[in-house]
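As stored in protein.cif (mmCIF, C-alpha atoms):
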data_start
loop_
_atom_site.label_atom_id
_atom_site.label_comp_id
_atom_site.auth_asym_id
_atom_site.auth_seq_id
_atom_site.Cartn_x
_atom_site.Cartn_y
_atom_site.Cartn_z
CA MET A 1 64.25 159.99 99.90
CA LEU A 2 65.38 156.69 101.39
CA TYR A 3 62.53 154.90 103.15
CA LEU A 4 63.81 151.81 104.96
CA ASP A 5 62.08 148.47 105.23
CA ALA A 6 59.81 148.56 108.28
CA THR A 7 60.74 145.10 109.56
CA THR A 8 62.96 144.60 112.60
CA LYS A 9 66.53 143.70 111.71
CA LYS A 10 69.08 142.12 114.04
CA SER A 11 72.82 141.96 113.44
CA ASP A 12 74.05 138.40 112.86
CA ASN A 13 77.37 139.11 114.62
CA SER A 14 76.99 138.53 118.36
CA LEU A 15 80.10 136.73 119.63
CA PHE A 16 83.51 138.41 119.83
CA ALA A 17 86.83 137.24 121.31
CA ILE A 18 89.06 140.09 122.51
CA PRO A 19 92.55 139.02 123.67
CA GLU A 20 94.94 140.87 125.97
CA PHE A 21 98.46 140.37 127.30
CA ALA A 22 100.70 142.21 129.76
CA ILE A 23 104.18 141.78 131.22
CA GLY A 24 105.99 143.88 133.81
CA HIS A 25 109.46 144.02 135.36
CA GLN A 26 110.85 146.00 138.28
CA LEU A 27 114.19 147.49 137.25
CA ASN A 28 115.05 148.90 140.67
CA GLU A 29 113.42 150.34 143.79
CA ARG A 30 111.85 153.22 141.84
CA ILE A 31 111.34 152.14 138.21
CA ASN A 32 109.01 149.56 136.70
CA ILE A 33 108.70 148.83 132.99
CA GLY A 34 106.08 146.84 131.16
CA LEU A 35 104.27 146.05 127.94
CA LEU A 36 100.49 145.95 127.52
CA VAL A 37 98.84 144.54 124.37
CA TYR A 38 95.06 144.52 124.09
CA GLY A 39 92.27 144.56 121.54
CA ASN A 40 89.18 146.68 121.19
CA GLY A 41 86.13 145.38 119.35
CA GLY A 42 85.29 148.86 118.06
CA MET A 43 82.00 148.42 116.24
CA ASN A 44 80.74 145.40 114.34
CA THR A 45 77.35 144.84 112.71
CA GLU A 46 76.15 142.61 109.89
CA TYR A 47 72.54 142.77 108.71
CA VAL A 48 72.24 139.88 106.27
CA ALA A 49 70.13 140.46 103.15
CA ASP A 50 68.05 137.29 103.01
CA SER A 51 64.86 138.55 101.35
CA ALA A 52 63.54 141.47 99.29
CA PRO A 53 64.08 144.35 99.73
CA GLN A 54 67.75 143.40 99.73
CA GLY A 55 69.67 144.85 102.63
CA THR A 56 69.13 147.59 105.20
CA PHE A 57 69.97 150.35 102.68
CA TYR A 58 69.01 148.29 99.58
CA GLY A 59 72.65 147.50 98.84
CA GLY A 60 72.89 143.87 99.92
CA THR A 61 74.19 142.62 103.26
CA THR A 62 74.93 145.72 105.32
CA GLY A 63 77.30 146.47 108.17
CA VAL A 64 80.65 147.70 109.38
CA ASP A 65 83.58 146.03 111.12
CA LEU A 66 86.12 148.09 113.10
CA LYS A 67 88.92 146.31 114.99
CA GLN A 68 91.64 148.02 117.01
CA LEU A 69 94.87 146.66 118.54
CA PHE A 70 96.79 148.69 121.16
CA VAL A 71 100.48 148.05 121.92
CA SER A 72 101.58 150.11 124.91
CA PRO A 73 105.13 150.01 126.39
CA THR A 74 104.96 151.56 129.86
CA MET A 75 107.27 152.95 132.52
CA SER A 76 106.39 154.06 136.05
CA TYR A 77 108.55 155.95 138.52
CA GLN A 78 108.15 155.96 142.33
CA LEU A 79 108.69 159.64 143.15
CA ASN A 80 108.36 159.07 146.89
CA GLU A 81 106.49 156.77 149.26
CA GLN A 82 103.13 158.32 148.30
CA ILE A 83 103.39 159.28 144.62
CA ARG A 84 104.00 157.21 141.50
CA LEU A 85 104.14 158.65 137.97
CA GLY A 86 103.56 156.71 134.76
CA VAL A 87 103.97 157.20 131.02
CA SER A 88 102.95 154.93 128.15
CA ALA A 89 103.51 155.16 124.44
CA ILE A 90 100.48 153.96 122.47
CA TYR A 91 100.82 152.30 119.07
CA VAL A 92 97.46 151.56 117.46
CA VAL A 93 96.61 149.37 114.48
CA GLN A 94 93.01 149.46 113.29
CA GLN A 95 91.15 147.73 110.47
CA PHE A 96 87.84 148.72 108.93
CA GLU A 97 85.40 147.30 106.41
CA ALA A 98 81.96 148.54 105.27
CA GLN A 99 79.38 146.88 103.05
CA GLY A 100 75.89 147.58 101.78
CA LEU A 101 76.21 151.40 101.58
CA ALA A 102 76.25 151.82 97.78
CA ASN A 103 72.94 153.71 97.77
CA PHE A 104 74.65 156.65 99.48
CA ALA A 105 76.84 157.17 96.38
CA ALA A 106 74.92 160.32 95.41
CA PHE A 107 76.00 161.88 98.72
CA SER A 108 79.70 160.93 98.43
CA GLN A 109 82.63 162.87 96.96
CA ALA A 110 84.30 159.53 96.10
CA PRO A 111 81.57 156.91 95.43
CA GLU A 112 84.18 154.33 94.43
CA ALA A 113 85.63 154.56 97.98
CA LEU A 114 82.36 154.29 99.87
CA SER A 115 81.43 150.64 100.36
CA ASN A 116 82.37 147.01 99.69
CA ASN A 117 86.09 147.71 99.27
CA GLY A 118 87.37 145.02 101.61
CA VAL A 119 89.48 145.54 104.72
CA ASP A 120 91.59 148.70 105.08
CA THR A 121 94.28 149.22 107.72
CA SER A 122 95.62 152.34 109.43
CA THR A 123 98.12 153.01 112.22
CA GLY A 124 98.85 155.81 114.66
CA ILE A 125 100.85 156.78 117.77
CA GLY A 126 99.77 158.53 120.96
CA ILE A 127 100.77 158.87 124.62
CA GLN A 128 99.19 158.31 128.02
CA LEU A 129 100.25 159.93 131.31
CA GLY A 130 99.21 158.97 134.81
CA ILE A 131 99.71 159.67 138.51
CA SER A 132 98.70 157.82 141.67
CA HIS A 133 98.86 159.31 145.17
CA ILE A 134 98.43 157.51 148.49
CA ILE A 135 97.05 160.06 150.93
CA ASN A 136 96.97 157.76 153.96
CA SER A 137 96.18 154.15 154.82
CA SER A 138 92.50 154.69 153.91
CA PHE A 139 92.47 157.04 150.91
CA SER A 140 94.25 157.24 147.58
CA TRP A 141 93.55 158.88 144.25
CA GLY A 142 94.79 158.78 140.69
CA ALA A 143 94.43 160.45 137.32
CA SER A 144 95.35 159.69 133.73
CA TYR A 145 95.23 161.42 130.38
CA ARG A 146 95.37 159.75 126.98
CA SER A 147 96.14 161.98 124.03
CA SER A 148 94.17 161.84 120.83
CA VAL A 149 95.77 159.44 118.34
CA SER A 150 96.19 160.74 114.79
CA MET A 151 95.63 157.73 112.55
CA ASP A 152 96.51 157.18 108.90
CA LYS A 153 93.47 157.60 106.69
CA PHE A 154 91.32 154.74 105.44
CA ASP A 155 92.00 155.33 101.75
CA ARG A 156 89.56 152.61 100.65
CA TYR A 157 86.80 154.49 102.51
CA SER A 158 87.75 158.08 101.71
CA GLY A 159 84.25 158.53 100.29
CA LEU A 160 82.61 157.48 103.57
CA PHE A 161 84.46 159.00 106.53
CA ALA A 162 84.97 162.75 106.92
CA GLU A 163 88.40 164.23 106.14
CA GLN A 164 88.92 161.83 103.21
CA GLY A 165 88.80 158.66 105.30
CA GLY A 166 89.96 160.03 108.65
CA PHE A 167 89.17 158.01 111.76
CA ASP A 168 91.33 159.23 114.66
CA LEU A 169 91.02 158.15 118.29
CA PRO A 170 89.68 160.77 120.69
CA SER A 171 91.51 161.89 123.82
CA SER A 172 90.22 160.91 127.23
CA ILE A 173 90.79 161.87 130.86
CA GLN A 174 90.08 159.83 133.98
CA LEU A 175 90.03 160.66 137.69
CA GLY A 176 89.53 158.14 140.46
CA THR A 177 89.64 157.66 144.21
CA ALA A 178 89.74 154.62 146.50
CA TRP A 179 88.61 154.31 150.09
CA GLN A 180 89.80 151.40 152.22
CA PHE A 181 87.33 150.91 155.07
CA LEU A 182 87.98 148.08 157.47
CA PRO A 183 90.92 145.80 156.64
CA SER A 184 89.13 143.80 153.93
CA HIS A 185 86.76 146.24 152.18
CA GLN A 186 87.46 148.89 149.53
CA VAL A 187 85.24 151.23 147.50
CA VAL A 188 86.45 152.95 144.33
CA PHE A 189 84.89 155.70 142.24
CA ASP A 190 86.03 156.84 138.77
CA TRP A 191 84.97 159.58 136.38
CA GLN A 192 86.01 159.36 132.72
CA LYS A 193 85.50 161.81 129.85
CA ILE A 194 85.84 160.68 126.21
CA ASN A 195 86.11 163.56 123.73
CA TYR A 196 84.36 162.23 120.63
CA SER A 197 83.87 165.82 119.41
CA GLU A 198 87.57 165.83 118.41
CA VAL A 199 86.96 163.28 115.64
CA LYS A 200 84.85 164.59 112.75
CA SER A 201 84.01 161.18 111.29
CA ILE A 202 82.46 160.26 114.64
CA ALA A 203 81.00 163.61 115.75
CA ASN A 204 79.73 165.26 112.53
CA PRO A 205 75.92 164.99 112.38
CA VAL A 206 74.04 163.13 109.66
CA THR A 207 72.34 166.43 108.74
CA ASN A 208 75.62 167.41 107.04
CA LEU A 209 74.55 165.15 104.16
CA MET A 210 72.79 168.13 102.56
CA SER A 211 75.63 170.60 102.95
CA ALA A 212 78.79 168.54 102.33
CA PRO A 213 79.48 165.20 100.60
CA LEU A 214 80.53 162.12 102.50
CA GLY A 215 84.31 162.08 102.78
CA ALA A 216 84.64 165.88 102.85
CA GLU A 217 85.94 167.85 105.83
CA ALA A 218 82.37 168.50 106.98
CA GLY A 219 80.98 165.22 105.67
CA ALA A 220 78.30 163.47 107.70
CA GLY A 221 79.34 161.21 110.56
CA PHE A 222 77.63 159.41 113.42
CA GLY A 223 76.79 162.53 115.44
CA TRP A 224 78.21 161.17 118.69
CA HIS A 225 78.47 163.57 121.65
CA ASP A 226 81.27 163.56 124.23
CA MET A 227 80.69 161.02 127.00
CA SER A 228 81.13 161.29 130.78
CA ILE A 229 81.21 157.89 132.46
CA TYR A 230 80.70 157.37 136.20
CA LYS A 231 81.98 154.11 137.72
CA LEU A 232 81.49 152.71 141.22
CA GLY A 233 83.21 149.55 142.43
CA TYR A 234 83.47 147.48 145.59
CA GLN A 235 86.16 144.93 146.53
CA TRP A 236 85.99 142.43 149.36
CA GLN A 237 89.15 140.62 150.45
CA ARG A 238 87.24 137.48 151.38
CA THR A 239 90.30 135.45 152.33
CA GLU A 240 94.03 135.91 152.07
CA GLN A 241 93.87 134.21 148.65
CA GLN A 242 90.58 135.52 147.29
CA LYS A 243 89.11 138.89 146.28
CA ILE A 244 85.51 139.42 145.13
CA ARG A 245 84.46 142.51 143.18
CA PHE A 246 81.22 144.19 142.08
CA GLY A 247 80.80 147.30 139.93
CA ALA A 248 78.38 149.51 138.06
CA SER A 249 78.88 152.32 135.57
CA TYR A 250 76.55 154.87 134.00
CA THR A 251 76.79 157.27 131.09
CA GLU A 252 74.27 159.14 129.02
CA GLN A 253 74.33 157.41 125.63
CA PRO A 254 75.99 159.61 122.96
CA ILE A 255 73.60 159.34 119.99
CA PRO A 256 71.04 162.13 119.38
CA SER A 257 67.62 161.05 118.09
CA SER A 258 68.30 163.10 114.94
CA ASP A 259 71.25 160.83 114.02
CA ILE A 260 69.55 157.44 114.10
CA LEU A 261 70.03 156.73 110.37
CA PHE A 262 73.82 156.14 110.29
CA ASN A 263 73.87 154.67 113.78
CA ILE A 264 72.01 151.62 112.55
CA LEU A 265 75.60 150.65 111.66
CA ALA A 266 76.92 151.35 115.19
CA PRO A 267 74.06 151.38 117.73
CA GLY A 268 76.20 152.01 120.83
CA VAL A 269 73.35 153.26 123.01
CA GLN A 270 73.88 151.43 126.32
CA GLU A 271 73.93 153.52 129.47
CA TRP A 272 74.34 151.05 132.35
CA HIS A 273 76.98 148.32 132.81
CA PHE A 274 77.02 145.88 135.74
CA THR A 275 80.04 143.69 136.54
CA ALA A 276 81.13 141.01 138.98
CA GLY A 277 84.54 139.44 139.31
CA ILE A 278 86.85 137.26 141.38
CA SER A 279 90.61 136.87 141.84
CA HIS A 280 92.01 133.78 143.48
CA ALA A 281 95.66 133.03 144.26
CA LEU A 282 96.29 129.42 143.19
CA SER A 283 99.79 129.60 144.61
CA ASP A 284 102.39 132.18 145.61
CA ALA A 285 103.14 132.66 141.90
CA VAL A 286 99.85 132.10 140.06
CA GLN A 287 96.58 134.05 140.25
CA PHE A 288 93.33 133.27 138.45
CA ASN A 289 90.95 136.12 137.51
CA ALA A 290 87.44 136.00 136.11
CA MET A 291 84.71 138.56 135.44
CA ALA A 292 81.28 138.88 133.88
CA PHE A 293 79.36 141.94 132.75
CA TYR A 294 75.87 142.80 131.56
CA SER A 295 74.62 145.96 129.86
CA PRO A 296 70.82 146.12 129.54
CA SER A 297 69.15 147.23 126.34
CA LYS A 298 68.53 150.91 125.71
CA ASN A 299 66.21 152.07 122.92
CA VAL A 300 66.63 155.36 121.01
CA THR A 301 64.02 156.53 118.49
CA GLY A 302 64.14 159.33 115.95
CA ALA A 303 63.20 160.38 112.44
CA ASN A 304 64.85 158.94 109.35
CA TYR A 305 66.70 162.03 108.11
CA LEU A 306 66.19 161.01 104.47
CA ALA A 307 62.50 160.18 105.01
CA PRO A 308 61.33 162.55 107.77
CA ASN A 309 57.92 160.98 108.28
CA GLN A 310 59.48 157.59 109.04
CA GLN A 311 60.51 156.80 112.61
CA LEU A 312 63.51 154.52 113.28
CA SER A 313 64.61 152.85 116.51
CA ILE A 314 67.95 151.32 117.47
CA SER A 315 68.91 149.32 120.53
CA MET A 316 71.69 147.11 121.81
CA GLU A 317 72.20 144.71 124.71
CA GLN A 318 75.59 143.32 125.75
CA SER A 319 76.97 140.62 128.01
CA GLY A 320 80.40 139.13 128.32
CA LEU A 321 82.86 136.94 130.21
CA GLY A 322 86.58 137.40 130.80
CA VAL A 323 89.24 135.11 132.26
CA SER A 324 92.97 135.57 132.79
CA LEU A 325 95.98 134.07 134.55
CA ALA A 326 98.80 136.05 136.13
CA TRP A 327 102.26 134.58 136.83
CA ARG A 328 104.90 136.07 139.09
CA ILE A 329 108.32 134.98 137.84
#
Using structure tokens, write down the structure from this file.
Amino acid sequence: MLYLDATTKKSDNSLFAIPEFAIGHQLNERINIGLLVYGNGGMNTEYVADSAPQGTFYGGTTGVDLKQLFVSPTMSYQLNEQIRLGVSAIYVVQQFEAQGLANFAAFSQAPEALSNNGVDTSTGIGIQLGISHIINSSFSWGASYRSSVSMDKFDRYSGLFAEQGGFDLPSSIQLGTAWQFLPSHQVVFDWQKINYSEVKSIANPVTNLMSAPLGAEAGAGFGWHDMSIYKLGYQWQRTEQQKIRFGASYTEQPIPSSDILFNILAPGVQEWHFTAGISHALSDAVQFNAMAFYSPSKNVTGANYLAPNQQLSISMEQSGLGVSLAWRI
């Protein structure tokens, strides 16, 4: 049994800077090449142990930190006036650290590689393919597929993640269409599917604690389901120099109520995201872009698997700002 302290706990980490960079060059009338470098915050929580009982799981300050960096050289080819094809190699570097999980040692096949082992790094390579098709002056569509990325194992956390420290990236597919109505107005709609079920350390349910140790092939994970994300956007070409954008997206959050326990570490339960943005040409060569988003809180409640008569709730709320400059050389 592992009854948790009944008080509300809030992660101390709330501000994250995520950089990105891109460069492109047109080789000839048909071929463009480029390089895209961007970060992904992954998951980051830190529940500081400041009074007894010490820590969320009675192991001191508790939390996880997952950072991911994507480096993606890209090439696109203009097949004809309507169709463009694209391919990108994806090189991923990710770092992970966990703390405060020592009390799960009895459930781990490698207790020494479970918690508080500092930062571990892994790398992997994947590929992304895409196509865009202009049907006429009003309609266009596109699609892309990103392969799963097989990552090196987190050896320092081989007693935590399934498959002896495995933490691959799932594949995803995206379809979208754009409708240009009137000269200055455009509506876009996207559907995206993320296949979390491909990654055992993410998809295995917490109930596996009783049938397989942490770190084993069937070791417990976060229990996340696959996600389908629906996105609707609107763009208004307000002036020749300025574009204004609004968007909303919805997905059913991926965490079952039976898997609340581990997802205290990664409470990614939002369902709605709302965005607004602007692009303004400062000159013929320089464009300024800015955006803001808000994701309202979503609450998920379920039983503590290791103390079935205790109910746990997790929630998260997000907001953010982004700015960028684009130069045409």
Could you check the closest approach to A:Asp12 for each of A:Gln237, A:Asn195, A:Thr45, A:Ser283 and tell me which residue wins, using all atoms listed in the file?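 Among A:Gln237, A:Asn195, A:Thr45, A:Ser283, it is A:Thr45 that comes nearest to A:Asp12.
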Starting from the displayed file, determine the output of the PyMOL selection byres ((chain A and resi 1-3) around 8) and express the residue list as a ChimeraX atom specification. /A:4-5,57,304,306-307,310
Do a neighbour search on A:Gly60 at 9 Å with all atoms listed in the file, toss out local chain neighbours closer than 5 positions, and write the hits as a compact mmCIF listing (two decimals) with C-alpha atoms, in the coordinates of the input.
# COMPACT_ATOMS: atom_id res chain seq x y z
CA TYR A 47 72.54 142.77 108.71
CA VAL A 48 72.24 139.88 106.27
CA ALA A 49 70.13 140.46 103.15
CA ASP A 50 68.05 137.29 103.01
CA PRO A 53 64.08 144.35 99.73
CA GLN A 54 67.75 143.40 99.73
CA GLY A 55 69.67 144.85 102.63
CA GLN A 99 79.38 146.88 103.05
CA GLY A 100 75.89 147.58 101.78
CA LEU A 101 76.21 151.40 101.58
CA ALA A 102 76.25 151.82 97.78
To one decimal in Å, tell me the separation between atom CA of A:Leu325 and atom CA of A:Lys67.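 Separating atom CA of A:Leu325 from atom CA of A:Lys67 is a distance of 24.1 Å.
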Name every residue that the PyMOL selection byres ((chain A and resi 253-261) around 9) selects in this structure, writing the answer as a PyMOL selection string with chains first and numbers rising. chain A and resi 205-207+221-227+251-252+262-265+267-271+298+300-306+312-314
Residues just named, written with C-alpha atoms as a short mmCIF file (atom, residue, chain, number, x, y, z; two decimals), in the coordinates of the input:
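So part-v9.cif came out as:
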data_model
loop_
_atom_site.label_atom_id
_atom_site.label_comp_id
_atom_site.auth_asym_id
_atom_site.auth_seq_id
_atom_site.Cartn_x
_atom_site.Cartn_y
_atom_site.Cartn_z
CA PRO A 205 75.92 164.99 112.38
CA VAL A 206 74.04 163.13 109.66
CA THR A 207 72.34 166.43 108.74
CA GLY A 221 79.34 161.21 110.56
CA PHE A 222 77.63 159.41 113.42
CA GLY A 223 76.79 162.53 115.44
CA TRP A 224 78.21 161.17 118.69
CA HIS A 225 78.47 163.57 121.65
CA ASP A 226 81.27 163.56 124.23
CA MET A 227 80.69 161.02 127.00
CA THR A 251 76.79 157.27 131.09
CA GLU A 252 74.27 159.14 129.02
CA PHE A 262 73.82 156.14 110.29
CA ASN A 263 73.87 154.67 113.78
CA ILE A 264 72.01 151.62 112.55
CA LEU A 265 75.60 150.65 111.66
CA PRO A 267 74.06 151.38 117.73
CA GLY A 268 76.20 152.01 120.83
CA VAL A 269 73.35 153.26 123.01
CA GLN A 270 73.88 151.43 126.32
CA GLU A 271 73.93 153.52 129.47
CA LYS A 298 68.53 150.91 125.71
CA VAL A 300 66.63 155.36 121.01
CA THR A 301 64.02 156.53 118.49
CA GLY A 302 64.14 159.33 115.95
CA ALA A 303 63.20 160.38 112.44
CA ASN A 304 64.85 158.94 109.35
CA TYR A 305 66.70 162.03 108.11
CA LEU A 306 66.19 161.01 104.47
CA LEU A 312 63.51 154.52 113.28
CA SER A 313 64.61 152.85 116.51
CA ILE A 314 67.95 151.32 117.47
#
Mind rebuilding stretch 65-88 of chain A with N, CA, C and O atoms and writing that out as an mmCIF file, in the coordinates of the input?
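So rebuild_31.cif came out as:
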data_model
loop_
_atom_site.group_PDB
_atom_site.id
_atom_site.type_symbol
_atom_site.label_atom_id
_atom_site.label_comp_id
_atom_site.auth_asym_id
_atom_site.auth_seq_id
_atom_site.Cartn_x
_atom_site.Cartn_y
_atom_site.Cartn_z
ATOM 1 N N ASP A 65 82.721 146.809 110.226
ATOM 2 C CA ASP A 65 83.580 146.030 111.120
ATOM 3 C C ASP A 65 84.822 146.868 111.412
ATOM 4 O O ASP A 65 85.624 147.126 110.517
ATOM 5 N N LEU A 66 84.962 147.308 112.670
ATOM 6 C CA LEU A 66 86.120 148.090 113.100
ATOM 7 C C LEU A 66 86.831 147.315 114.206
ATOM 8 O O LEU A 66 86.229 147.011 115.238
ATOM 9 N N LYS A 67 88.098 146.985 113.985
ATOM 10 C CA LYS A 67 88.920 146.310 114.990
ATOM 11 C C LYS A 67 90.105 147.202 115.317
ATOM 12 O O LYS A 67 90.674 147.843 114.423
ATOM 13 N N GLN A 68 90.507 147.204 116.594
ATOM 14 C CA GLN A 68 91.640 148.020 117.010
ATOM 15 C C GLN A 68 92.552 147.203 117.926
ATOM 16 O O GLN A 68 92.076 146.482 118.812
ATOM 17 N N LEU A 69 93.858 147.309 117.710
ATOM 18 C CA LEU A 69 94.870 146.660 118.540
ATOM 19 C C LEU A 69 95.778 147.747 119.124
ATOM 20 O O LEU A 69 96.301 148.589 118.389
ATOM 21 N N PHE A 70 95.955 147.712 120.455
ATOM 22 C CA PHE A 70 96.790 148.690 121.160
ATOM 23 C C PHE A 70 98.040 147.983 121.686
ATOM 24 O O PHE A 70 97.942 146.948 122.356
ATOM 25 N N VAL A 71 99.207 148.538 121.397
ATOM 26 C CA VAL A 71 100.480 148.050 121.920
ATOM 27 C C VAL A 71 101.085 149.208 122.717
ATOM 28 O O VAL A 71 101.370 150.272 122.162
ATOM 29 N N SER A 72 101.260 148.983 124.032
ATOM 30 C CA SER A 72 101.580 150.110 124.910
ATOM 31 C C SER A 72 102.756 149.781 125.843
ATOM 32 O O SER A 72 102.560 149.227 126.932
ATOM 33 N N PRO A 73 104.005 150.106 125.448
ATOM 34 C CA PRO A 73 105.130 150.010 126.390
ATOM 35 C C PRO A 73 105.000 151.083 127.470
ATOM 36 O O PRO A 73 104.647 152.235 127.176
ATOM 37 N N THR A 74 105.265 150.705 128.710
ATOM 38 C CA THR A 74 104.960 151.560 129.860
ATOM 39 C C THR A 74 106.139 151.631 130.815
ATOM 40 O O THR A 74 106.870 150.659 130.991
ATOM 41 N N MET A 75 106.294 152.797 131.444
ATOM 42 C CA MET A 75 107.270 152.950 132.520
ATOM 43 C C MET A 75 106.635 153.745 133.647
ATOM 44 O O MET A 75 105.925 154.738 133.411
ATOM 45 N N SER A 76 106.857 153.298 134.887
ATOM 46 C CA SER A 76 106.390 154.060 136.050
ATOM 47 C C SER A 76 107.575 154.359 136.959
ATOM 48 O O SER A 76 108.544 153.595 137.025
ATOM 49 N N TYR A 77 107.466 155.477 137.664
ATOM 50 C CA TYR A 77 108.550 155.950 138.520
ATOM 51 C C TYR A 77 107.995 156.297 139.896
ATOM 52 O O TYR A 77 107.036 157.075 140.011
ATOM 53 N N GLN A 78 108.575 155.696 140.951
ATOM 54 C CA GLN A 78 108.150 155.960 142.330
ATOM 55 C C GLN A 78 108.842 157.233 142.796
ATOM 56 O O GLN A 78 110.030 157.225 143.149
ATOM 57 N N LEU A 79 108.099 158.350 142.785
ATOM 58 C CA LEU A 79 108.690 159.640 143.150
ATOM 59 C C LEU A 79 109.040 159.685 144.622
ATOM 60 O O LEU A 79 110.105 160.169 145.017
ATOM 61 N N ASN A 80 108.133 159.199 145.464
ATOM 62 C CA ASN A 80 108.360 159.070 146.890
ATOM 63 C C ASN A 80 107.428 157.977 147.416
ATOM 64 O O ASN A 80 106.818 157.256 146.620
ATOM 65 N N GLU A 81 107.294 157.856 148.714
ATOM 66 C CA GLU A 81 106.490 156.770 149.260
ATOM 67 C C GLU A 81 105.009 156.902 148.897
ATOM 68 O O GLU A 81 104.277 155.914 148.902
ATOM 69 N N GLN A 82 104.552 158.103 148.572
ATOM 70 C CA GLN A 82 103.130 158.320 148.300
ATOM 71 C C GLN A 82 102.791 158.449 146.816
ATOM 72 O O GLN A 82 101.672 158.156 146.414
ATOM 73 N N ILE A 83 103.721 158.887 145.989
ATOM 74 C CA ILE A 83 103.390 159.280 144.620
ATOM 75 C C ILE A 83 104.150 158.435 143.603
ATOM 76 O O ILE A 83 105.363 158.244 143.714
ATOM 77 N N ARG A 84 103.407 157.927 142.627
ATOM 78 C CA ARG A 84 104.000 157.210 141.500
ATOM 79 C C ARG A 84 103.522 157.860 140.204
ATOM 80 O O ARG A 84 102.336 158.174 140.055
ATOM 81 N N LEU A 85 104.440 158.058 139.264
ATOM 82 C CA LEU A 85 104.140 158.650 137.970
ATOM 83 C C LEU A 85 104.296 157.584 136.884
ATOM 84 O O LEU A 85 105.146 156.695 136.989
ATOM 85 N N GLY A 86 103.483 157.676 135.833
ATOM 86 C CA GLY A 86 103.560 156.710 134.760
ATOM 87 C C GLY A 86 103.445 157.353 133.392
ATOM 88 O O GLY A 86 102.798 158.392 133.234
ATOM 89 N N VAL A 87 104.076 156.740 132.403
ATOM 90 C CA VAL A 87 103.970 157.200 131.020
ATOM 91 C C VAL A 87 103.942 155.979 130.116
ATOM 92 O O VAL A 87 104.666 155.008 130.346
ATOM 93 N N SER A 88 103.084 156.021 129.106
ATOM 94 C CA SER A 88 102.950 154.930 128.150
ATOM 95 C C SER A 88 102.917 155.494 126.744
ATOM 96 O O SER A 88 102.186 156.460 126.481
#
